[in-house]
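Okay, coords_26.cif now, which holds mmCIF, N, CA, C and O atoms and all ligand atoms:
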```cif
data_run
loop_
_atom_site.group_PDB
_atom_site.id
_atom_site.type_symbol
_atom_site.label_atom_id
_atom_site.label_comp_id
_atom_site.auth_asym_id
_atom_site.auth_seq_id
_atom_site.Cartn_x
_atom_site.Cartn_y
_atom_site.Cartn_z
ATOM 1 N N MET A 1000 109.134 116.044 127.641
ATOM 2 C CA MET A 1000 108.222 115.488 126.648
ATOM 3 C C MET A 1000 108.178 113.964 126.722
ATOM 4 O O MET A 1000 107.114 113.372 126.679
ATOM 5 N N LYS A 1001 109.377 113.295 126.872
ATOM 6 C CA LYS A 1001 109.394 111.840 126.928
ATOM 7 C C LYS A 1001 108.564 111.334 128.099
ATOM 8 O O LYS A 1001 107.926 110.298 128.012
ATOM 9 N N ASN A 1002 108.576 112.039 129.229
ATOM 10 C CA ASN A 1002 107.834 111.595 130.407
ATOM 11 C C ASN A 1002 106.335 111.498 130.136
ATOM 12 O O ASN A 1002 105.633 110.748 130.783
ATOM 13 N N ASN A 1003 105.844 112.281 129.151
ATOM 14 C CA ASN A 1003 104.412 112.255 128.853
ATOM 15 C C ASN A 1003 103.959 110.927 128.275
ATOM 16 O O ASN A 1003 102.761 110.650 128.259
ATOM 17 N N ILE A 1004 104.879 110.105 127.754
ATOM 18 C CA ILE A 1004 104.461 108.853 127.114
ATOM 19 C C ILE A 1004 104.905 107.616 127.891
ATOM 20 O O ILE A 1004 104.586 106.505 127.485
ATOM 21 N N ILE A 1005 105.630 107.791 128.981
ATOM 22 C CA ILE A 1005 106.090 106.635 129.754
ATOM 23 C C ILE A 1005 104.901 105.968 130.437
ATOM 24 O O ILE A 1005 104.071 106.640 131.068
ATOM 25 N N ASP A 1006 104.826 104.636 130.307
ATOM 26 C CA ASP A 1006 103.764 103.834 130.922
ATOM 27 C C ASP A 1006 102.375 104.272 130.475
ATOM 28 O O ASP A 1006 101.425 104.277 131.265
ATOM 29 N N LYS A 1007 102.239 104.670 129.213
ATOM 30 C CA LYS A 1007 100.942 105.096 128.690
ATOM 31 C C LYS A 1007 100.560 104.219 127.504
ATOM 32 O O LYS A 1007 101.419 103.770 126.739
ATOM 33 N N ILE A 1008 99.289 103.953 127.380
ATOM 34 C CA ILE A 1008 98.755 103.332 126.164
ATOM 35 C C ILE A 1008 98.202 104.461 125.315
ATOM 36 O O ILE A 1008 97.335 105.225 125.776
ATOM 37 N N ILE A 1009 98.735 104.605 124.112
ATOM 38 C CA ILE A 1009 98.327 105.690 123.228
ATOM 39 C C ILE A 1009 97.490 105.082 122.113
ATOM 40 O O ILE A 1009 97.983 104.290 121.307
ATOM 41 N N CYS A 1010 96.219 105.414 122.089
ATOM 42 C CA CYS A 1010 95.310 104.861 121.076
ATOM 43 C C CYS A 1010 95.179 105.842 119.924
ATOM 44 O O CYS A 1010 95.026 107.044 120.143
ATOM 45 N N GLY A 1011 95.239 105.329 118.706
ATOM 46 C CA GLY A 1011 95.053 106.198 117.550
ATOM 47 C C GLY A 1011 95.678 105.596 116.323
ATOM 48 O O GLY A 1011 96.240 104.495 116.360
ATOM 49 N N ASP A 1012 95.583 106.331 115.232
ATOM 50 C CA ASP A 1012 96.195 105.906 113.981
ATOM 51 C C ASP A 1012 97.706 105.859 114.168
ATOM 52 O O ASP A 1012 98.311 106.829 114.632
ATOM 53 N N ALA A 1013 98.319 104.720 113.829
ATOM 54 C CA ALA A 1013 99.747 104.536 114.085
ATOM 55 C C ALA A 1013 100.592 105.645 113.458
ATOM 56 O O ALA A 1013 101.495 106.175 114.107
ATOM 57 N N LEU A 1014 100.278 106.002 112.218
ATOM 58 C CA LEU A 1014 101.112 107.017 111.564
ATOM 59 C C LEU A 1014 101.011 108.360 112.277
ATOM 60 O O LEU A 1014 102.024 109.049 112.448
ATOM 61 N N GLU A 1015 99.804 108.716 112.696
ATOM 62 C CA GLU A 1015 99.622 110.010 113.357
ATOM 63 C C GLU A 1015 100.252 110.009 114.748
ATOM 64 O O GLU A 1015 100.924 110.972 115.132
ATOM 65 N N THR A 1016 100.035 108.959 115.520
ATOM 66 C CA THR A 1016 100.540 108.953 116.892
ATOM 67 C C THR A 1016 102.060 108.802 116.923
ATOM 68 O O THR A 1016 102.724 109.394 117.769
ATOM 69 N N LEU A 1017 102.618 108.031 115.984
ATOM 70 C CA LEU A 1017 104.079 107.877 115.962
ATOM 71 C C LEU A 1017 104.763 109.206 115.655
ATOM 72 O O LEU A 1017 105.846 109.485 116.160
ATOM 73 N N LYS A 1018 104.108 110.036 114.838
ATOM 74 C CA LYS A 1018 104.701 111.340 114.501
ATOM 75 C C LYS A 1018 104.835 112.236 115.723
ATOM 76 O O LYS A 1018 105.670 113.130 115.754
ATOM 77 N N THR A 1019 103.992 112.006 116.732
ATOM 78 C CA THR A 1019 104.046 112.853 117.931
ATOM 79 C C THR A 1019 104.937 112.239 119.006
ATOM 80 O O THR A 1019 105.067 112.802 120.093
ATOM 81 N N THR A 1020 105.524 111.060 118.710
ATOM 82 C CA THR A 1020 106.389 110.392 119.682
ATOM 83 C C THR A 1020 107.795 110.980 119.595
ATOM 84 O O THR A 1020 108.349 111.077 118.499
ATOM 85 N N PRO A 1021 108.375 111.405 120.706
ATOM 86 C CA PRO A 1021 109.691 112.057 120.662
ATOM 87 C C PRO A 1021 110.775 111.153 120.071
ATOM 88 O O PRO A 1021 110.738 109.929 120.231
ATOM 89 N N SER A 1022 111.744 111.770 119.407
ATOM 90 C CA SER A 1022 112.879 111.025 118.861
ATOM 91 C C SER A 1022 113.660 110.343 119.973
ATOM 92 O O SER A 1022 113.757 110.868 121.085
ATOM 93 N N GLU A 1023 114.195 109.184 119.652
ATOM 94 C CA GLU A 1023 115.039 108.413 120.567
ATOM 95 C C GLU A 1023 114.340 108.099 121.890
ATOM 96 O O GLU A 1023 114.964 108.059 122.945
ATOM 97 N N SER A 1024 113.037 107.906 121.826
ATOM 98 C CA SER A 1024 112.302 107.563 123.042
ATOM 99 C C SER A 1024 111.865 106.096 123.046
ATOM 100 O O SER A 1024 111.337 105.621 124.043
ATOM 101 N N VAL A 1025 112.093 105.385 121.940
ATOM 102 C CA VAL A 1025 111.640 103.999 121.825
ATOM 103 C C VAL A 1025 112.845 103.101 121.582
ATOM 104 O O VAL A 1025 113.683 103.383 120.716
ATOM 105 N N HIS A 1026 112.936 102.019 122.344
ATOM 106 C CA HIS A 1026 114.062 101.085 122.191
ATOM 107 C C HIS A 1026 113.649 99.819 121.454
ATOM 108 O O HIS A 1026 114.490 99.138 120.877
ATOM 109 N N LEU A 1027 112.373 99.465 121.519
ATOM 110 C CA LEU A 1027 111.916 98.211 120.927
ATOM 111 C C LEU A 1027 110.475 98.376 120.454
ATOM 112 O O LEU A 1027 109.649 98.948 121.169
ATOM 113 N N VAL A 1028 110.210 97.904 119.272
ATOM 114 C CA VAL A 1028 108.839 97.923 118.741
ATOM 115 C C VAL A 1028 108.401 96.483 118.514
ATOM 116 O O VAL A 1028 109.084 95.721 117.836
ATOM 117 N N ILE A 1029 107.288 96.105 119.118
ATOM 118 C CA ILE A 1029 106.654 94.809 118.853
ATOM 119 C C ILE A 1029 105.284 95.126 118.279
ATOM 120 O O ILE A 1029 104.519 95.885 118.877
ATOM 121 N N THR A 1030 104.993 94.584 117.128
ATOM 122 C CA THR A 1030 103.752 94.976 116.470
ATOM 123 C C THR A 1030 103.079 93.804 115.782
ATOM 124 O O THR A 1030 103.717 92.798 115.475
ATOM 125 N N SER A 1031 101.818 93.943 115.582
ATOM 126 C CA SER A 1031 101.037 92.996 114.788
ATOM 127 C C SER A 1031 100.178 93.844 113.855
ATOM 128 O O SER A 1031 99.010 94.096 114.126
ATOM 129 N N PRO A 1032 100.765 94.317 112.776
ATOM 130 C CA PRO A 1032 100.037 95.236 111.891
ATOM 131 C C PRO A 1032 99.011 94.478 111.053
ATOM 132 O O PRO A 1032 99.034 93.246 111.007
ATOM 133 N N PRO A 1033 98.123 95.188 110.397
ATOM 134 C CA PRO A 1033 97.262 94.514 109.428
ATOM 135 C C PRO A 1033 98.129 93.838 108.364
ATOM 136 O O PRO A 1033 99.132 94.392 107.934
ATOM 137 N N TYR A 1034 97.742 92.622 107.960
ATOM 138 C CA TYR A 1034 98.559 91.848 107.012
ATOM 139 C C TYR A 1034 97.982 91.837 105.599
ATOM 140 O O TYR A 1034 98.401 91.050 104.759
ATOM 141 N N ASN A 1035 97.001 92.711 105.375
ATOM 142 C CA ASN A 1035 96.407 92.850 104.040
ATOM 143 C C ASN A 1035 95.776 91.542 103.571
ATOM 144 O O ASN A 1035 95.943 91.120 102.414
ATOM 145 N N LEU A 1036 95.047 90.909 104.488
ATOM 146 C CA LEU A 1036 94.408 89.618 104.197
ATOM 147 C C LEU A 1036 92.889 89.755 104.078
ATOM 148 O O LEU A 1036 92.159 88.778 104.230
ATOM 149 N N ASP A 1037 92.431 90.998 103.857
ATOM 150 C CA ASP A 1037 91.003 91.255 103.677
ATOM 151 C C ASP A 1037 90.193 90.961 104.942
ATOM 152 O O ASP A 1037 89.061 90.476 104.863
ATOM 153 N N LYS A 1038 90.805 91.258 106.113
ATOM 154 C CA LYS A 1038 90.073 91.136 107.374
ATOM 155 C C LYS A 1038 89.080 92.301 107.468
ATOM 156 O O LYS A 1038 89.370 93.408 106.989
ATOM 157 N N PRO A 1039 87.951 92.086 108.114
ATOM 158 C CA PRO A 1039 86.900 93.123 108.146
ATOM 159 C C PRO A 1039 87.123 94.162 109.241
ATOM 160 O O PRO A 1039 86.307 94.298 110.144
ATOM 161 N N TYR A 1040 88.233 94.900 109.196
ATOM 162 C CA TYR A 1040 88.462 95.964 110.171
ATOM 163 C C TYR A 1040 87.521 97.127 109.880
ATOM 164 O O TYR A 1040 87.228 97.427 108.737
ATOM 165 N N THR A 1041 87.109 97.812 110.964
ATOM 166 C CA THR A 1041 86.234 98.975 110.768
ATOM 167 C C THR A 1041 87.042 100.231 110.473
ATOM 168 O O THR A 1041 86.506 101.209 109.966
ATOM 169 N N ASN A 1042 88.341 100.219 110.835
ATOM 170 C CA ASN A 1042 89.158 101.429 110.723
ATOM 171 C C ASN A 1042 90.227 101.319 109.638
ATOM 172 O O ASN A 1042 91.111 102.164 109.561
ATOM 173 N N HIS A 1043 90.188 100.284 108.838
ATOM 174 C CA HIS A 1043 91.296 100.066 107.908
ATOM 175 C C HIS A 1043 90.834 99.199 106.740
ATOM 176 O O HIS A 1043 90.145 98.192 106.949
ATOM 177 N N ASN A 1044 91.223 99.583 105.527
ATOM 178 C CA ASN A 1044 90.969 98.761 104.340
ATOM 179 C C ASN A 1044 92.065 97.704 104.262
ATOM 180 O O ASN A 1044 93.217 98.036 103.982
ATOM 181 N N ASP A 1045 91.710 96.452 104.544
ATOM 182 C CA ASP A 1045 92.711 95.385 104.607
ATOM 183 C C ASP A 1045 92.847 94.646 103.270
ATOM 184 O O ASP A 1045 93.297 93.503 103.227
ATOM 185 N N LYS A 1046 92.457 95.337 102.212
ATOM 186 C CA LYS A 1046 92.592 94.734 100.882
ATOM 187 C C LYS A 1046 93.169 95.778 99.921
ATOM 188 O O LYS A 1046 92.574 96.101 98.882
ATOM 189 N N LEU A 1047 94.315 96.326 100.313
ATOM 190 C CA LEU A 1047 94.981 97.329 99.478
ATOM 191 C C LEU A 1047 95.713 96.637 98.337
ATOM 192 O O LEU A 1047 96.043 95.449 98.423
ATOM 193 N N GLU A 1048 95.983 97.402 97.277
ATOM 194 C CA GLU A 1048 96.907 96.888 96.260
ATOM 195 C C GLU A 1048 98.236 96.619 96.958
ATOM 196 O O GLU A 1048 98.631 97.360 97.869
ATOM 197 N N TYR A 1049 98.955 95.586 96.527
ATOM 198 C CA TYR A 1049 100.156 95.170 97.247
ATOM 199 C C TYR A 1049 101.183 96.307 97.373
ATOM 200 O O TYR A 1049 101.738 96.538 98.453
ATOM 201 N N ASP A 1050 101.400 97.043 96.281
ATOM 202 C CA ASP A 1050 102.360 98.163 96.322
ATOM 203 C C ASP A 1050 101.905 99.237 97.312
ATOM 204 O O ASP A 1050 102.731 99.837 98.011
ATOM 205 N N GLU A 1051 100.594 99.474 97.331
ATOM 206 C CA GLU A 1051 100.045 100.477 98.245
ATOM 207 C C GLU A 1051 100.241 100.011 99.694
ATOM 208 O O GLU A 1051 100.592 100.801 100.577
ATOM 209 N N TYR A 1052 100.003 98.723 99.939
ATOM 210 C CA TYR A 1052 100.200 98.161 101.281
ATOM 211 C C TYR A 1052 101.659 98.312 101.717
ATOM 212 O O TYR A 1052 101.942 98.770 102.824
ATOM 213 N N LEU A 1053 102.596 97.943 100.828
ATOM 214 C CA LEU A 1053 104.018 98.050 101.188
ATOM 215 C C LEU A 1053 104.428 99.498 101.427
ATOM 216 O O LEU A 1053 105.202 99.790 102.343
ATOM 217 N N SER A 1054 103.899 100.410 100.623
ATOM 218 C CA SER A 1054 104.226 101.834 100.814
ATOM 219 C C SER A 1054 103.736 102.314 102.175
ATOM 220 O O SER A 1054 104.448 103.032 102.886
ATOM 221 N N TRP A 1055 102.517 101.909 102.520
ATOM 222 C CA TRP A 1055 101.965 102.308 103.815
ATOM 223 C C TRP A 1055 102.799 101.712 104.955
ATOM 224 O O TRP A 1055 103.151 102.414 105.905
ATOM 225 N N MET A 1056 103.128 100.423 104.855
ATOM 226 C CA MET A 1056 103.926 99.798 105.911
ATOM 227 C C MET A 1056 105.303 100.454 106.013
ATOM 228 O O MET A 1056 105.833 100.640 107.108
ATOM 229 N N ASN A 1057 105.890 100.818 104.869
ATOM 230 C CA ASN A 1057 107.198 101.489 104.901
ATOM 231 C C ASN A 1057 107.119 102.823 105.637
ATOM 232 O O ASN A 1057 108.055 103.201 106.351
ATOM 233 N N LEU A 1058 106.002 103.543 105.468
ATOM 234 C CA LEU A 1058 105.827 104.795 106.211
ATOM 235 C C LEU A 1058 105.788 104.509 107.712
ATOM 236 O O LEU A 1058 106.387 105.235 108.510
ATOM 237 N N VAL A 1059 105.070 103.439 108.094
ATOM 238 C CA VAL A 1059 104.976 103.091 109.519
ATOM 239 C C VAL A 1059 106.345 102.703 110.058
ATOM 240 O O VAL A 1059 106.761 103.175 111.128
ATOM 241 N N TRP A 1060 107.078 101.856 109.319
ATOM 242 C CA TRP A 1060 108.418 101.450 109.790
ATOM 243 C C TRP A 1060 109.328 102.668 109.900
ATOM 244 O O TRP A 1060 110.131 102.765 110.838
ATOM 245 N N SER A 1061 109.233 103.590 108.954
ATOM 246 C CA SER A 1061 110.075 104.801 109.009
ATOM 247 C C SER A 1061 109.771 105.616 110.248
ATOM 248 O O SER A 1061 110.685 106.132 110.907
ATOM 249 N N GLU A 1062 108.481 105.736 110.563
ATOM 250 C CA GLU A 1062 108.111 106.495 111.768
ATOM 251 C C GLU A 1062 108.594 105.767 113.021
ATOM 252 O O GLU A 1062 109.033 106.405 113.972
ATOM 253 N N CYS A 1063 108.514 104.436 113.022
ATOM 254 C CA CYS A 1063 109.045 103.676 114.170
ATOM 255 C C CYS A 1063 110.536 103.948 114.333
ATOM 256 O O CYS A 1063 111.016 104.184 115.448
ATOM 257 N N HIS A 1064 111.256 103.928 113.215
ATOM 258 C CA HIS A 1064 112.705 104.143 113.272
ATOM 259 C C HIS A 1064 113.042 105.542 113.775
ATOM 260 O O HIS A 1064 114.032 105.744 114.477
ATOM 261 N N ALA A 1065 112.194 106.500 113.466
ATOM 262 C CA ALA A 1065 112.430 107.894 113.871
ATOM 263 C C ALA A 1065 112.184 108.098 115.373
ATOM 264 O O ALA A 1065 112.599 109.109 115.937
ATOM 265 N N CYS A 1066 111.470 107.153 115.973
ATOM 266 C CA CYS A 1066 111.171 107.293 117.415
ATOM 267 C C CYS A 1066 112.340 106.795 118.223
ATOM 268 O O CYS A 1066 112.345 106.454 119.306
HETATM 269 C C1 LIG B 1 96.632 91.863 112.779
HETATM 270 S S1 LIG B 1 95.569 92.869 113.792
HETATM 271 C C2 LIG B 1 96.381 92.832 115.335
HETATM 272 C C3 LIG B 1 95.589 92.098 116.318
HETATM 273 C C4 LIG B 1 96.194 92.122 117.748
HETATM 274 N N1 LIG B 1 97.510 91.484 117.734
HETATM 275 C C5 LIG B 1 95.265 91.419 118.693
HETATM 276 O O1 LIG B 1 95.595 90.312 119.140
HETATM 277 O O2 LIG B 1 94.174 91.955 118.937
HETATM 278 C C6 LIG B 1 95.921 94.513 113.201
HETATM 279 C C7 LIG B 1 95.261 95.614 114.053
HETATM 280 O O3 LIG B 1 95.726 96.900 113.564
HETATM 281 C C8 LIG B 1 94.645 97.814 113.648
HETATM 282 N N2 LIG B 1 94.906 98.951 112.724
HETATM 283 C C9 LIG B 1 94.583 99.047 111.425
HETATM 284 N N3 LIG B 1 95.018 100.202 110.902
HETATM 285 C C10 LIG B 1 95.631 100.857 111.915
HETATM 286 C C11 LIG B 1 96.274 102.110 112.018
HETATM 287 N N4 LIG B 1 96.394 102.928 110.954
HETATM 288 N N5 LIG B 1 96.795 102.477 113.198
HETATM 289 C C12 LIG B 1 96.694 101.666 114.271
HETATM 290 N N6 LIG B 1 96.111 100.446 114.245
HETATM 291 C C13 LIG B 1 95.575 100.066 113.077
HETATM 292 C C14 LIG B 1 93.426 96.989 113.278
HETATM 293 O O4 LIG B 1 92.246 97.570 113.750
HETATM 294 C C15 LIG B 1 93.746 95.654 113.983
HETATM 295 O O5 LIG B 1 93.227 95.661 115.279
#
```

Turn the structure described in the file into structure tokens.
Ligand SMILES: C[S@@+](CC[C@H](N)C(=O)[O-])C[C@H]1O[C@@H](n2cnc3c(N)ncnc32)[C@H](O)[C@@H]1O
Amino acid sequence: MKNNIIDKIICGDALETLKTTPSESVHLVITSPPYNLDKPYTNHNDKLEYDEYLSWMNLVWSECHAC
């Protein structure tokens, strides 16, 4: 399963794609997530309530940690 993701660019929603990433297959995460600054993204509401933004980011960090 790990071989399926080596040297691949995986496009998609971070939460969904991270869930399909095998455990213990990632050693380092470098990211530039949305910063909730009301940028006009087509795929993301960048003006969430602050608590909602932190909850969403915590889900992403948890999924990163699980990989
Ligand atoms: C701060 S920008 C990063 C820009 C990037 N560093 C660059 O130089 O192009 C955040 C990016 O996250 C993307 N994004 C928003 N929600 C996402 C999600 N749920 N999953 C994956 N990417 C997402 C946005 O479309 C945007 O391109």

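Here, the PyMOL selection byres (((chain A and resi 1059 and name CA) around 10) and not hetatm and name CA) matches Ala1013, Leu1014, Glu1015, Leu1017, Lys1018, Pro1032, Leu1053, Ser1054, Trp1055, Met1056, Asn1057, Leu1058, Trp1060, Ser1061, Glu1062, Cys1063, His1064 and Ala1065 of chain A.
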
- Item | Pairwise distance for atom N of A:Val1025 and atom N of A:Ile1004, rounded to one decimal in Å |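 The value is 10.4 Å.
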
- Run through the PyMOL selection byres (((not hetatm)) within 8 of (chain B and resi 1)) on the given coordinates and return the selected residues as a PyMOL selection string. chain A and resi 1009-1016+1030-1035+1039-1045

- Query: When you draw a straight line from atom CA of A:Ile1029 to atom CA of A:Tyr1049, how long is it in Å?
  - Reply: 22.6 Å

- Message: Going by DSSP on the backbone, which residues of stretch 1025-1064 of chain A come out as helix (DSSP H, G or I)? List them as a list in words.
- Response: Tyr1049, Asp1050, Glu1051, Tyr1052, Leu1053, Ser1054, Trp1055, Met1056, Asn1057, Leu1058, Val1059, Trp1060, Ser1061, Glu1062, Cys1063 and His1064 of chain A

Selection export as a PDB file, in the coordinates of the input, atoms kept: N, CA, C and O atoms:
```pdb
ATOM      1  N   TYR A1049      98.955  95.586  96.527  1.00  0.00           N
ATOM      2  CA  TYR A1049     100.156  95.170  97.247  1.00  0.00           C
ATOM      3  C   TYR A1049     101.183  96.307  97.373  1.00  0.00           C
ATOM      4  O   TYR A1049     101.738  96.538  98.453  1.00  0.00           O
ATOM      5  N   ASP A1050     101.400  97.043  96.281  1.00  0.00           N
ATOM      6  CA  ASP A1050     102.360  98.163  96.322  1.00  0.00           C
ATOM      7  C   ASP A1050     101.905  99.237  97.312  1.00  0.00           C
ATOM      8  O   ASP A1050     102.731  99.837  98.011  1.00  0.00           O
ATOM      9  N   GLU A1051     100.594  99.474  97.331  1.00  0.00           N
ATOM     10  CA  GLU A1051     100.045 100.477  98.245  1.00  0.00           C
ATOM     11  C   GLU A1051     100.241 100.011  99.694  1.00  0.00           C
ATOM     12  O   GLU A1051     100.592 100.801 100.577  1.00  0.00           O
ATOM     13  N   TYR A1052     100.003  98.723  99.939  1.00  0.00           N
ATOM     14  CA  TYR A1052     100.200  98.161 101.281  1.00  0.00           C
ATOM     15  C   TYR A1052     101.659  98.312 101.717  1.00  0.00           C
ATOM     16  O   TYR A1052     101.942  98.770 102.824  1.00  0.00           O
ATOM     17  N   LEU A1053     102.596  97.943 100.828  1.00  0.00           N
ATOM     18  CA  LEU A1053     104.018  98.050 101.188  1.00  0.00           C
ATOM     19  C   LEU A1053     104.428  99.498 101.427  1.00  0.00           C
ATOM     20  O   LEU A1053     105.202  99.790 102.343  1.00  0.00           O
ATOM     21  N   SER A1054     103.899 100.410 100.623  1.00  0.00           N
ATOM     22  CA  SER A1054     104.226 101.834 100.814  1.00  0.00           C
ATOM     23  C   SER A1054     103.736 102.314 102.175  1.00  0.00           C
ATOM     24  O   SER A1054     104.448 103.032 102.886  1.00  0.00           O
ATOM     25  N   TRP A1055     102.517 101.909 102.520  1.00  0.00           N
ATOM     26  CA  TRP A1055     101.965 102.308 103.815  1.00  0.00           C
ATOM     27  C   TRP A1055     102.799 101.712 104.955  1.00  0.00           C
ATOM     28  O   TRP A1055     103.151 102.414 105.905  1.00  0.00           O
ATOM     29  N   MET A1056     103.128 100.423 104.855  1.00  0.00           N
ATOM     30  CA  MET A1056     103.926  99.798 105.911  1.00  0.00           C
ATOM     31  C   MET A1056     105.303 100.454 106.013  1.00  0.00           C
ATOM     32  O   MET A1056     105.833 100.640 107.108  1.00  0.00           O
ATOM     33  N   ASN A1057     105.890 100.818 104.869  1.00  0.00           N
ATOM     34  CA  ASN A1057     107.198 101.489 104.901  1.00  0.00           C
ATOM     35  C   ASN A1057     107.119 102.823 105.637  1.00  0.00           C
ATOM     36  O   ASN A1057     108.055 103.201 106.351  1.00  0.00           O
ATOM     37  N   LEU A1058     106.002 103.543 105.468  1.00  0.00           N
ATOM     38  CA  LEU A1058     105.827 104.795 106.211  1.00  0.00           C
ATOM     39  C   LEU A1058     105.788 104.509 107.712  1.00  0.00           C
ATOM     40  O   LEU A1058     106.387 105.235 108.510  1.00  0.00           O
ATOM     41  N   VAL A1059     105.070 103.439 108.094  1.00  0.00           N
ATOM     42  CA  VAL A1059     104.976 103.091 109.519  1.00  0.00           C
ATOM     43  C   VAL A1059     106.345 102.703 110.058  1.00  0.00           C
ATOM     44  O   VAL A1059     106.761 103.175 111.128  1.00  0.00           O
ATOM     45  N   TRP A1060     107.078 101.856 109.319  1.00  0.00           N
ATOM     46  CA  TRP A1060     108.418 101.450 109.790  1.00  0.00           C
ATOM     47  C   TRP A1060     109.328 102.668 109.900  1.00  0.00           C
ATOM     48  O   TRP A1060     110.131 102.765 110.838  1.00  0.00           O
ATOM     49  N   SER A1061     109.233 103.590 108.954  1.00  0.00           N
ATOM     50  CA  SER A1061     110.075 104.801 109.009  1.00  0.00           C
ATOM     51  C   SER A1061     109.771 105.616 110.248  1.00  0.00           C
ATOM     52  O   SER A1061     110.685 106.132 110.907  1.00  0.00           O
ATOM     53  N   GLU A1062     108.481 105.736 110.563  1.00  0.00           N
ATOM     54  CA  GLU A1062     108.111 106.495 111.768  1.00  0.00           C
ATOM     55  C   GLU A1062     108.594 105.767 113.021  1.00  0.00           C
ATOM     56  O   GLU A1062     109.033 106.405 113.972  1.00  0.00           O
ATOM     57  N   CYS A1063     108.514 104.436 113.022  1.00  0.00           N
ATOM     58  CA  CYS A1063     109.045 103.676 114.170  1.00  0.00           C
ATOM     59  C   CYS A1063     110.536 103.948 114.333  1.00  0.00           C
ATOM     60  O   CYS A1063     111.016 104.184 115.448  1.00  0.00           O
ATOM     61  N   HIS A1064     111.256 103.928 113.215  1.00  0.00           N
ATOM     62  CA  HIS A1064     112.705 104.143 113.272  1.00  0.00           C
ATOM     63  C   HIS A1064     113.042 105.542 113.775  1.00  0.00           C
ATOM     64  O   HIS A1064     114.032 105.744 114.477  1.00  0.00           O
TER      65      HIS A1064
END
```

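Here atom CA of A:Thr1020 is placed at a distance of 10.8 Å from atom CA of A:Ile1005.
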